[in-house]
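Student: My questions will all concern the structure given below.
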There are 4 protein chains.
Amino acid sequence: MKRGVLREPLDQELKDLQILPELTRWRDEFFEPFMQITLAHMVMMVKTGNLTLEIGREVLNALRCGLEQGPSWLPMDPGLEDLFFNIEEGMRRRFSQRAGDHMQTARSRNDLYATAARLVVRKKIIELGSALCRLRKGLLSKAREYGQVIMPGYTHLQQAQTITFGHYLLGCAEALDRDSQRLIASYQRVNLCPLGAGALAGTSFQIDRALTARLLGFEGLVENSVDAIAARDCLLEPLAALSIMANNLSRMGNDLYLLASAEFGMVSLPDTLVITSSMMPQKRNPVTLEYLKAKCSRVEAAYDCCWSILKSAPFGQSSEVTGEVWVVASEGLEQARDVLDLGRLTIDGLQANRDRMLAAAEASRIATTDLAEWIVQEFDVPFRQAHELVAVAVGLCEDEGIRSGLPSEQFLNRGAELVLGHALDLPPGIELRFSPRAVLEKKASLGSPSSAEISRMLKHLEARLEQDCKTVERWAESLAEAGNVLDQQVDELLQTWR
Amino acid sequence: MKRGVLREPLDQELKDLQILPELTRWRDEFFEPFMQITLAHMVMMVKTGNLTLEIGREVLNALRCGLEQGPSWLPMDPGLEDLFFNIEEGMRRRFSQRAGDHMQTARSRNDLYATAARLVVRKKIIELGSALCRLRKGLLSKAREYGQVIMPGYTHLQQAQTITFGHYLLGCAEALDRDSQRLIASYQRVNLCPLGAGALAGTSFQIDRALTARLLGFEGLVENSVDAIAARDCLLEPLAALSIMANNLSRMGNDLYLLASAEFGMVSLPDTLVITSSMMPQKRNPVTLEYLKAKCSRVEAAYDCCWSILKSAPFGQSSEVTGEVWVVASEGLEQARDVLDLGRLTIDGLQANRDRMLAAAEASRIATTDLAEWIVQEFDVPFRQAHELVAVAVGLCEDEGIRSGLPSEQFLNRGAELVLGHALDLPPGIELRFSPRAVLEKKASLGSPSSAEISRMLKHLEARLEQDCKTVERWAESLAEAGNVLDQQVDELLQTWR
Amino acid sequence: MKRGVLREPLDQELKDLQILPELTRWRDEFFEPFMQITLAHMVMMVKTGNLTLEIGREVLNALRCGLEQGPSWLPMDPGLEDLFFNIEEGMRRRFSQRAGDHMQTARSRNDLYATAARLVVRKKIIELGSALCRLRKGLLSKAREYGQVIMPGYTHLQQAQTITFGHYLLGCAEALDRDSQRLIASYQRVNLCPLGAGALAGTSFQIDRALTARLLGFEGLVENSVDAIAARDCLLEPLAALSIMANNLSRMGNDLYLLASAEFGMVSLPDTLVITSSMMPQKRNPVTLEYLKAKCSRVEAAYDCCWSILKSAPFGQSSEVTGEVWVVASEGLEQARDVLDLGRLTIDGLQANRDRMLAAAEASRIATTDLAEWIVQEFDVPFRQAHELVAVAVGLCEDEGIRSGLPSEQFLNRGAELVLGHALDLPPGIELRFSPRAVLEKKASLGSPSSAEISRMLKHLEARLEQDCKTVERWAESLAEAGNVLDQQVDELLQTWR
Amino acid sequence: MKRGVLREPLDQELKDLQILPELTRWRDEFFEPFMQITLAHMVMMVKTGNLTLEIGREVLNALRCGLEQGPSWLPMDPGLEDLFFNIEEGMRRRFSQRAGDHMQTARSRNDLYATAARLVVRKKIIELGSALCRLRKGLLSKAREYGQVIMPGYTHLQQAQTITFGHYLLGCAEALDRDSQRLIASYQRVNLCPLGAGALAGTSFQIDRALTARLLGFEGLVENSVDAIAARDCLLEPLAALSIMANNLSRMGNDLYLLASAEFGMVSLPDTLVITSSMMPQKRNPVTLEYLKAKCSRVEAAYDCCWSILKSAPFGQSSEVTGEVWVVASEGLEQARDVLDLGRLTIDGLQANRDRMLAAAEASRIATTDLAEWIVQEFDVPFRQAHELVAVAVGLCEDEGIRSGLPSEQFLNRGAELVLGHALDLPPGIELRFSPRAVLEKKASLGSPSSAEISRMLKHLEARLEQDCKTVERWAESLAEAGNVLDQQVDELLQTWR
């Protein structure tokens with residue numbers, strides 16, 4: 001096989017440095033997609049009369065043999081530049097000279113790689129969507145288990161107000177629900193077919209792009225032939241969606257990491273998910289959360305790196321667009337998968353320490369807001385003054401060395417005198433009215449951690465999850481179906497022959 | 001006004017360094033949103049019976065006065081920590097002590113900032129959506145103008161095949177169509193209301209979150225109170241959509257920058273858009289393309305920086321979430337706006353040099369693919385052999401010092417002999433059959449640069465643009481309408497009073 | 001004033017969108033550097049005989065007047081493209097037509113901007129170097145204060161071994177010492193003079209680049225005229241050094257943020273550095289640490305954004321190189337300054353809670369490593385077996401519900417029997433030998449938290465700090481001196497005239 | 001082997017997902033460093049009397065056997081958590097139970113990994129430094145070859161002034177000289193030894209950290225035990241230096257990519273470095289430049305990703321610090337190596353098209369600046385007026401349809417009349433005085449493209465390169481020497497035994 005107008009072979013160092021590693025990688029990722037795309041292309045070429053039935057059958061037969069034998073039969077010669085030329089040459093030598101010679105009619109490597117990238121990405125989106133569903137399921141299951149487990153909620157990492165651990169987890173699940181929407185939305189723009197764009201200008205053959213798209217399970221076309229081979233927002237968009245998801249998961253992972261410290265002591269992970277120390281006999285290290293946090297950065301870095309690679313690539317075809325950006329994008333998708341799996345493993349193994357959580361809530365002053373709201377409701381004091389008198393009362397407690405809990409009525413009344421100019425008719429022991437449980441049950445707003453709201457949100461998010469799972473399953477089925485149709489069509493063409 | 005339990009004033013250096021600059025910025029961006037949100041909140045508080053009509057009127061009246069007078073009346077005291085406390089104190093001093101004291105009932109700065117951020121972002125998405133429509137309109141208009149202007153298409157920045165300049169621009173427009181879809185999709189997840197989440201745990205007041213959401217023009221709620229104050233994917237998602245768009249525009253800008261060089265000489269910009277040199281008398285520098293390229297990076301950098309800031313912020317409230325990330329996001333949205341405006345200015349001013357474009361196409365060898373396809377079609381030669389014989393013929397031309405144009409039939413036949421073992425029955429002067437125009441008109445595939453396809457794609461993309469413009473307009477109308485409803489409700493409550 | 005070959009004025013929208021905002025920014029940052037550079041250039045031009053003494057005096061006199069009156073006299077006309085053309089035209093109109101006409105002889109905006117950027121950056125490096133010295137001083141002062149304050153050291157955020165808070169702070173100080181080295185190293189590559197490179201190809205005038213460099217306080221030249229106007233590693237290198245520093249500070253800030261939580265309760269900040277809540281009366285929010293963490297990301301983002309902007313800029317002059325990248329770099333340097341100031345404020349205000357720190361150390365099992373090492377030393381048990389028998393003993397304690405402290409000799413002996421096959425001759429009450437203080441004093445390795453080592457490291461780091469402070473001061477003096485020499489030379493030339 | 005206090009085995013999915021892949025990677029990268037470090041540690045432990053000679057010999061003997069047999073003997077059991085535990089267990093089973101049991105005395109995985117990372121990074125810096133020297137050598141060689149080859153220099157990608165291709169390449173070489181300085185500077189901060197810091201708090205054994213550091217070829221210590229295990233600026237700094245270098249190379253690569261287009265036609269690459277097309281017979285695609293550009297982004301992305309991973313890692317030990325950040329940093333160093341090799345291959349293969357370069361210079365108007373300067377020098381016209389009159393003359397030429405070359409004296413005199421009010425006494429045919437060669441030889445400034453300056457700069461940069469090459473060689477020799485000393489010491493200890 002010749003390299004067009006080129007008369008000298010590729011530089012040996014270039015082959016070692018760049019071509020061979022890339023080739024090896026491409027074989028793993030693209031052998032099957034290339035074969036599948038070529039099958040569809042050849043079926044179309046026969047059906048549209050661009051190739052004779054006889055030649056078509058020979059090519060299809062060779063392709064099917066090549067596909068069935070897997071990539072291992074394929075010699076990898078970096079002198080042939082890339083995977084496609086290796087396949088073409090391999091077909092020619094092993095199966096049929098004619099098959100190799102006709103494969104690339106009305107096609108270029110440019111639309112081939114662009115199509116293959118979309119085939120792989122959409123498959124990965126399905127896997128990721130499914131992994132995200134599993135993680136959300138685990139999260140909702142824990143949210144249900146710990147729905148009533150009281151803990152302090154934090155703002156600025158300071159104890160703020162009473163919530164439940166389940167309520168916190170539901171918050172995370174709601175964020176992941178939006179992440180799922182974004183990933184799902186990206187699928188429709190990924191699942192468009194660039195095949196038929198040729199090198200960048202289409203072809204003079206009377207091809208039927210809609211047919212190949214259908215045979216490959218695409219829902220539409222990237223029409224313009226320049227856009228079809230140039231654009232890589234089909235990589236950027238899912239990576240961006242996953243990078244946003246990774247941001248949410250990194251924040252959750254960071255929180256759980258703190259809660260797992262001895263000082264917080266609120267969650268723990270089973271022995272199966274922790275690592276010990278080679279020097280310190282007592283250690284139990286929650287490494288899955290560390291991997292999770294780090295890998296979230298890697299997802300974002302992949303997005304950012306793809307962006308940077310593409311920034312100055314011509315809006316056309318180049319090795320940046322076909323080669324390097326793919327390597328980075330593909331690794332990013334893999335990291336996202338790891339993030340989801342590590343997240344699920346961690347969430348599924350997570351155990352809350354109910355006692356420590358409750359004790360922290362009880363020992364704190366986090367009911368002061370509820371107390372202030374109650375003063376507003378009971379005594380018609382404007383909120384800002386209620387807020388201030390409680391703050392003053394807390395300050396007075398601190399002065400007396402009382403470091404936790406709500407101020408008693410004496411302190412409150414001294415606060416009231418200072419702020420309002422008069423005491424309030426406070427019942428004794430009012431701090432007892434603000435137990436964490438009581439506080440939660442007085443929550444009246446939609447989305448708050450009252451048991452009714454938690455229960456409602458759980459059902460709501462479970463229903464949404466169900467829906468997303470079905471969407472992902474439908475995609476998978478639809479691809480399987482397209483695969484079957486393609487197989488049938490190949491069969492039919494071959495059978496009329498045999 | 002007191003700072004809760006805190007007894008000492010803020011450190012002077014901290015005020016100078018951080019608080020005052022932030023305060024000044026917040027005033028510009030958040031004064032109006034804060035007032036509008038408070039109006040809606042107060043209307044709801046009265047309607048739900050949480051505040052008496054009398055107090056409600058006093059607050060609403062004060063708020064309306066404050067809003068009508070604009071932010072200039074507001075003293076900016078960094079000792080009060082932030083904009084909200086300044087507004088509250090300002091209301092108290094200037095308009096009504098009672099108004100200030102009641103404003104924050106059943107609310108926190110946390111849900112207030114979260115809501116304000118969404119108000120501002122959705123407004124900016126509308127402006128950006130509209131700017132993107134204008135840019136796309138300009139692009140399609142140029143695509144129409146230059147639809148038949150022949151030029152070489154490039155891959156690997158080497159002359160590849162014949163296209164038209166309009167075809168290239170349509171490719172860019174198709175990419176921007178997807179960018180528009182992403183921006184539009186982000187709006188639905190931005191336009192959700194966090195108000196009523198309180199500090200992070202809702203409130204014991206019987207508030208009606210759906211009502212405030214409606215009065216503020218939101219299409220739904222961020223339900224969970226932790227998620228509502230913690231999540232900032234409402235910033236990340238539009239920035240990601242815009243960052244992907246910036247990637248497409250950076251690539252297009254880069255291409256046009258090359259085309260504007262003397263060596264390509266294919267496009268030029270009017271004097272109004274170029275800059276000269278202080279030293280070199282002859283210079284005409286296309287700086288709008290340089291600004292465009294640079295600002296595209298700034299959009300992506302804003303996304304990446306927001307991601308990094310949020311990465312380790314607790315999934316709750318913090319100054320990272322409310323403060324710093326907002327500054328960066330807001331600047332990112334501004335840069336995106338500049339990108340769109342610079343892009344539009346440049347596109348609208350762009351002039352193609354038809355002669356240079358055509359000359360480049362004619363002097364090149366870019367019809368060899370078409371020639372090879374023709375050989376396949378005419379002589380039943382497999383494509384790979386046709387490709388190879390043309391390549392051989394081109395090489396032979398090079399050997400003879402013929403540096404441009406298609407090989408003549410002699411060279412082709414020598415190629416055929418070498419590759420096929422026999423000459424082809426080629427007509428004389430066949431290179432004349434492959435004029436750029438002839439080549440284009442033989443293009444038979446959907447999305448290719450034939451005049452029929454260019455015409456079809458133009459109409460298709462114009463129709464899609466029309467649709468997107470309407471979507472953006474509908475959003476704007478819907479917000480205006482909500483504003484009117486809120487005004488009416490305030491009026492009604494105030495009128496029953498006057 | 002005309003715009004070279006351009007005949008139409010700049011587009012109004014372009015002026016509003018880009019030119020005017022840039023102009024305003026440039027005036028603030030570059031007016032003085034531009035004037036100073038021009039003074040030096042003109043002194044050189046006279047001394048080298050390229051300008052007559054008479055013209056030189058007129059220009060120098062006009063420049064000095066313009067400089068003394070500050071930038072406020074300067075009208076800002078965006079139609080003149082940029083700051084330099086505005087200054088030139090302003091000089092011409094307000095002070096001397098001739099001055100304006102001669103200012104740009106043997107010079108271009110390209111070398112002017114490149115030189116001004118270095119003038120500003122080196123000044124900022126001096127300020128940053130000085131701010132870093134102040135932060136390190138505060139850190140070492142706290143390290144001295146808390147040198148003996150025992151706390152648990154953490155790995156994987158789990159209690160690991162006994163250290164002191166001072167030891168931890170010394171670790172941070174040692175990292176900042178390296179950060180200082182990097183910043184200092186960057187100065188020598190920033191403080192090189194590109195002036196005289198002209199537009200990119202030098203000039204036919206017999207200029208003396210060494211003289212202007214000396215008059216402007218530079219230590220050398222960027223020689224090659226293309227490199228001189230193209231390169232911007234003079235921005236990237238200090239930003240990279242600061243970004244690495246920001247990474248170290250972000251990690252320290254993150255740690256202190258945790259220690260400031262109620263659950264850790266180990267450090268606190270004074271009222272002057274915390275913020276309260278508008279809703280929750282009890283809140284004390286350590287926001288300086290949050291700003292610090294977020295701004296660290298902004299420093300890195302500035303580096304990354306500059307990199308991205310420059311990535312595809314020609315290695316020459318463009319608006320990316322002169323304009324946009326400067327804006328981003330300049331903001332990055334500002335953010336770095338904020339990081340240092342916020343860091344210093346926070347460190348200076350930091351108070352350690354000695355009791356909580358000690359209590360945490362005592363209640364933990366962090367002396368098990370020391371116990372295992374002691375068993376190796378006393379009983380000739382290989383370390384791995386000592387480690388294992390202690391681990392087994394800890395496990396047995398857990399089984400009995402003993403949740404903290406070292407295992408007693410019974411447990412250890414049961415561990416020894418299981419691991420070694422026999423008990424050890426352990427004295428009773430051996431857990432008492434491993435008080436935190438005792439553990440620290442047994443530390444024998446260089447760099448460990450023994451009091452001797454802490455004391456030694458303190459002195460070492462203080463001495464290094466002293467040295468760096470002097471370096472930064474020397475720079476400042478050297479620049480002041482160069483300024484004086486320039487002033488003198490201008491005076492001399494002017495006086496011979498008056 | 002037991003996992004300390006942990007009683008359950010690691011989760012199977014976690015092992016598959018994270019532990020095993022990491023283990024495999026670690027084996028390739030860290031097996032040798034781990035063994036070498038352990039040899040040095042054990043020599044020290046014996047010499048300091050912490051281990052008996054007898055035990056020491058057994059361990060050293062086992063280690064040496066293990067090292068000599070390479071990593072292939074080592075079973076990889078993910079249940080043992082990581083590479084170190086596998087080595088320890090492997091030593092125990094295959095070579096000596098006692099060796100395994102004593103290896104980790106007075107040491108932790110934390111200081112082991114930190115030390116190994118520095119061993120590997122410093123080796124890679126040496127390789128990278130050497131690769132950078134080779135690239136610079138190639139660049140200087142081409143600069144010498146093309147020192148007098150005239151071409152247009154560009155600003156804003158517009159033809160600006162006359163330079164030579166060698167002058168441009170020298171500009172790039174000067175930038176790479178600074179890159180080399182930065183890489184060299186990083187080495188001194190990388191080549192510091194953290195060994196002996198233990199888990200984070202040193203050890204109670206009387207170890208000699210200076211001795212192990214010396215045996216491992218380090219030039220100093222990271223003293224503080226927390227800093228020693230926590231800090232990773234030893235990864236960030238070389239990556240930052242390389243990222244800045246990548247920025248310079250990306251810009252150069254981008255320029256050459258344009259010059260290689262048919263339209264510029266100024267450089268070409270040999271067949272051995274270009275790729276063809278599967279569809280277009282005429283294509284010659286300069287892919288090494290595309291890979292180069294893309295991989296430059298990957299270097300920067302690695303820096304950015306490491307930064308992000310570390311941002312929120314505690315300043316201590318965690319899997320982020322030891323594990324994930326290493327993977328990313330290591331890949332970044334590899335990409336930097338590829339960048340350097342691709343850069344060198346490309347530069348070495350680069351051929352300038354002298355004719356096209358000269359023709360472009362001659363057909364342009366790039367001598368107008370030189371003309372204006374000459375007018376200043378000959379006629380005492382202020383530069384701004386000379387500049388303007390030339391600009392006017394150029395405009396007049398354009399009006400007459402004269403699109404290239406300098407304006408003749410008629411046009412210049414019409415310009416002079418319009419600008420100065422009078423004609424100049426211009427000799428006829430003055431445009432002939434400004435041939436590109438004449439223009440260059442009139443350049444009088446240091447660093448300009450006159451042949452004298454080019455020659456001087458070449459020598460200067462060659463001398464500097466020579467120096468850097470020697471520095472890198474000295475490092476390599478110094479490490480080899482340290483390795484020999486360690487071997488000798490091991491030999492001595494073993495020989496006294498045999």
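By convention here, the chains of the structure tokens are called A, B, ... in the order presented, each chain's residues are numbered starting at 1, and ligands are numbered starting at 1 in the order presented.
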What are the residues of chain A that have an atom within 9 Å of an atom of chain C, counting only C-alpha atoms, as a PyMOL selection string?

Tutor: chain A and resi 155-161+257-258+260-265+278-287+290+308+311-312+360+364-370+372+383-384+387-392+394-395

Student: If DSSP is run on the backbone, what residues of stretch 96-167 of chain A are alpha helix (DSSP H)? A reply as number ranges by chain would be ideal.

Tutor: A: 97-102, 109-145, 165-167

Student: When you draw a straight line from atom CA of D:Val222 to atom CA of C:Asp255, how long is it in Å?

Tutor: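 Separation between atom CA of D:Val222 and atom CA of C:Asp255: 20.7 Å.
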
Student: With only C-alpha atoms as the counted atoms, please give the residues lying no more than 9 Å from stretch 116-127 of chain C, apart from itself and same-chain residues fewer than 2 positions off, as a PyMOL selection string.

Tutor: chain C and resi 29-30+33-34+37+111-114+129-132+183-184+186-187+190-194+216+218+234-235+238+322+326+330+333-334+337+472-473+475-476+479

Student: Write a file of the just-selected residues containing C-alpha atoms, as a tab-separated table (two decimals), in the first residue's frame.

Tutor:
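part.tsv, freshly written:
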```
chain	number	residue	atom	x	y	z
C	29	GLU	CA	-1.88	51.16	34.74
C	30	PHE	CA	0.38	52.47	32.04
C	33	PRO	CA	5.34	53.70	32.89
C	34	PHE	CA	4.80	55.07	29.38
C	37	ILE	CA	10.02	54.89	29.43
C	111	ASP	CA	8.39	47.49	22.48
C	112	LEU	CA	6.76	50.23	24.55
C	113	TYR	CA	3.96	47.97	25.80
C	114	ALA	CA	6.35	45.08	26.34
C	129	GLY	CA	7.47	39.58	47.72
C	130	SER	CA	7.09	42.00	50.56
C	131	ALA	CA	3.55	40.82	51.33
C	132	LEU	CA	4.79	37.25	51.32
C	183	LEU	CA	8.98	34.34	43.08
C	184	ILE	CA	12.46	35.72	43.57
C	186	SER	CA	11.11	34.96	38.41
C	187	TYR	CA	12.25	38.54	39.04
C	190	VAL	CA	11.17	39.67	34.33
C	191	ASN	CA	13.65	42.45	34.92
C	192	LEU	CA	15.03	42.42	31.38
C	193	CYS	CA	14.44	45.24	28.94
C	194	PRO	CA	12.76	44.77	25.53
C	216	LEU	CA	14.92	52.12	33.69
C	218	PHE	CA	16.67	46.74	34.22
C	234	CYS	CA	7.52	37.33	31.85
C	235	LEU	CA	3.83	37.19	32.79
C	238	PRO	CA	5.49	35.02	38.17
C	322	THR	CA	-0.38	43.19	24.38
C	326	TRP	CA	-2.28	41.71	30.23
C	330	SER	CA	-2.80	41.96	36.01
C	333	LEU	CA	-1.40	39.47	40.35
C	334	GLU	CA	-4.03	41.44	42.20
C	337	ARG	CA	-1.96	40.10	46.58
C	472	VAL	CA	13.14	42.39	48.09
C	473	GLU	CA	14.30	45.59	49.74
C	475	TRP	CA	15.24	45.42	44.48
C	476	ALA	CA	13.13	48.34	45.60
C	479	LEU	CA	14.69	50.73	41.20
```

Student: Neighbours of B:Ser243 within 10 Å (only C-alpha atoms; same-chain residues fewer than 4 positions away dropped), as a list in words?

Tutor: Leu236, Glu237, Ala240, Asp304 and Trp307 of chain A; Asp179, Glu237, Pro238, Leu239, Asn247, Asn248, Leu249, Cys296, Ser297, Arg298, Val299, Glu300, Ala301, Ala302, Tyr303, Asp304, Gly332, Leu333 and Ala336 of chain B

Student: Can you pull out the residues contacting C:Ala230? Cut-off 8 Å, using only C-alpha atoms, and skip same-chain residues under 2 positions away; I want them as a count of residues only.

Tutor: 9

Student: List the neighbours of stretch 450-467 of chain C out to 6 Å using only C-alpha atoms; skip same-chain residues closer than 4 positions along the sequence, and give me the result as a PyMOL selection string.

Tutor: chain C and resi 440-441+443

Student: Quick one: residues within 9 Å of A:Ala106, only C-alpha atoms, excluding same-chain residues fewer than 5 positions away - as an NGL selection string?

Tutor: (:A and (45 or 196 or 198 or 202-207)) or (:B and (373 or 383)) or (:D and (279))

Student: May I have the residues from that selection written out with N, CA and C atoms, as a PDB file, in the first residue's frame?

Tutor:
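For reference, result_21.pdb as written:
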```
ATOM      1  N   MET A  45     -24.206   1.572   0.027  1.00  0.00           N
ATOM      2  CA  MET A  45     -23.609   1.725  -1.305  1.00  0.00           C
ATOM      3  C   MET A  45     -24.214   0.717  -2.288  1.00  0.00           C
ATOM      4  N   GLY A 196     -20.750  10.444   5.532  1.00  0.00           N
ATOM      5  CA  GLY A 196     -21.166  10.961   4.233  1.00  0.00           C
ATOM      6  C   GLY A 196     -20.613  12.347   3.968  1.00  0.00           C
ATOM      7  N   GLY A 198     -17.578  12.924   3.870  1.00  0.00           N
ATOM      8  CA  GLY A 198     -16.319  12.734   3.152  1.00  0.00           C
ATOM      9  C   GLY A 198     -15.174  13.405   3.868  1.00  0.00           C
ATOM     10  N   GLY A 202     -18.264  16.292   1.113  1.00  0.00           N
ATOM     11  CA  GLY A 202     -19.190  15.312   0.571  1.00  0.00           C
ATOM     12  C   GLY A 202     -18.567  14.532  -0.571  1.00  0.00           C
ATOM     13  N   THR A 203     -19.404  14.084  -1.470  1.00  0.00           N
ATOM     14  CA  THR A 203     -18.930  13.190  -2.527  1.00  0.00           C
ATOM     15  C   THR A 203     -19.810  13.329  -3.756  1.00  0.00           C
ATOM     16  N   SER A 204     -19.277  12.900  -4.873  1.00  0.00           N
ATOM     17  CA  SER A 204     -20.062  12.921  -6.102  1.00  0.00           C
ATOM     18  C   SER A 204     -20.860  11.615  -6.278  1.00  0.00           C
ATOM     19  N   PHE A 205     -20.686  10.668  -5.365  1.00  0.00           N
ATOM     20  CA  PHE A 205     -21.531   9.464  -5.404  1.00  0.00           C
ATOM     21  C   PHE A 205     -22.914   9.785  -4.844  1.00  0.00           C
ATOM     22  N   GLN A 206     -23.890   9.105  -5.405  1.00  0.00           N
ATOM     23  CA  GLN A 206     -25.281   9.335  -4.963  1.00  0.00           C
ATOM     24  C   GLN A 206     -25.542   8.532  -3.694  1.00  0.00           C
ATOM     25  N   ILE A 207     -24.988   8.990  -2.604  1.00  0.00           N
ATOM     26  CA  ILE A 207     -25.145   8.229  -1.364  1.00  0.00           C
ATOM     27  C   ILE A 207     -26.426   8.624  -0.651  1.00  0.00           C
TER      28      ILE A 207
ATOM     29  N   GLU B 373     -12.955   9.890  -8.092  1.00  0.00           N
ATOM     30  CA  GLU B 373     -14.324   9.369  -8.025  1.00  0.00           C
ATOM     31  C   GLU B 373     -14.898   9.171  -9.432  1.00  0.00           C
ATOM     32  N   PHE B 383     -12.066   2.216  -5.817  1.00  0.00           N
ATOM     33  CA  PHE B 383     -11.652   3.545  -5.408  1.00  0.00           C
ATOM     34  C   PHE B 383     -10.190   3.613  -5.001  1.00  0.00           C
TER      35      PHE B 383
ATOM     36  N   MET D 279      -8.657   9.708   1.065  1.00  0.00           N
ATOM     37  CA  MET D 279      -9.627  10.073   0.036  1.00  0.00           C
ATOM     38  C   MET D 279      -9.031  11.012  -1.004  1.00  0.00           C
TER      39      MET D 279
END
```
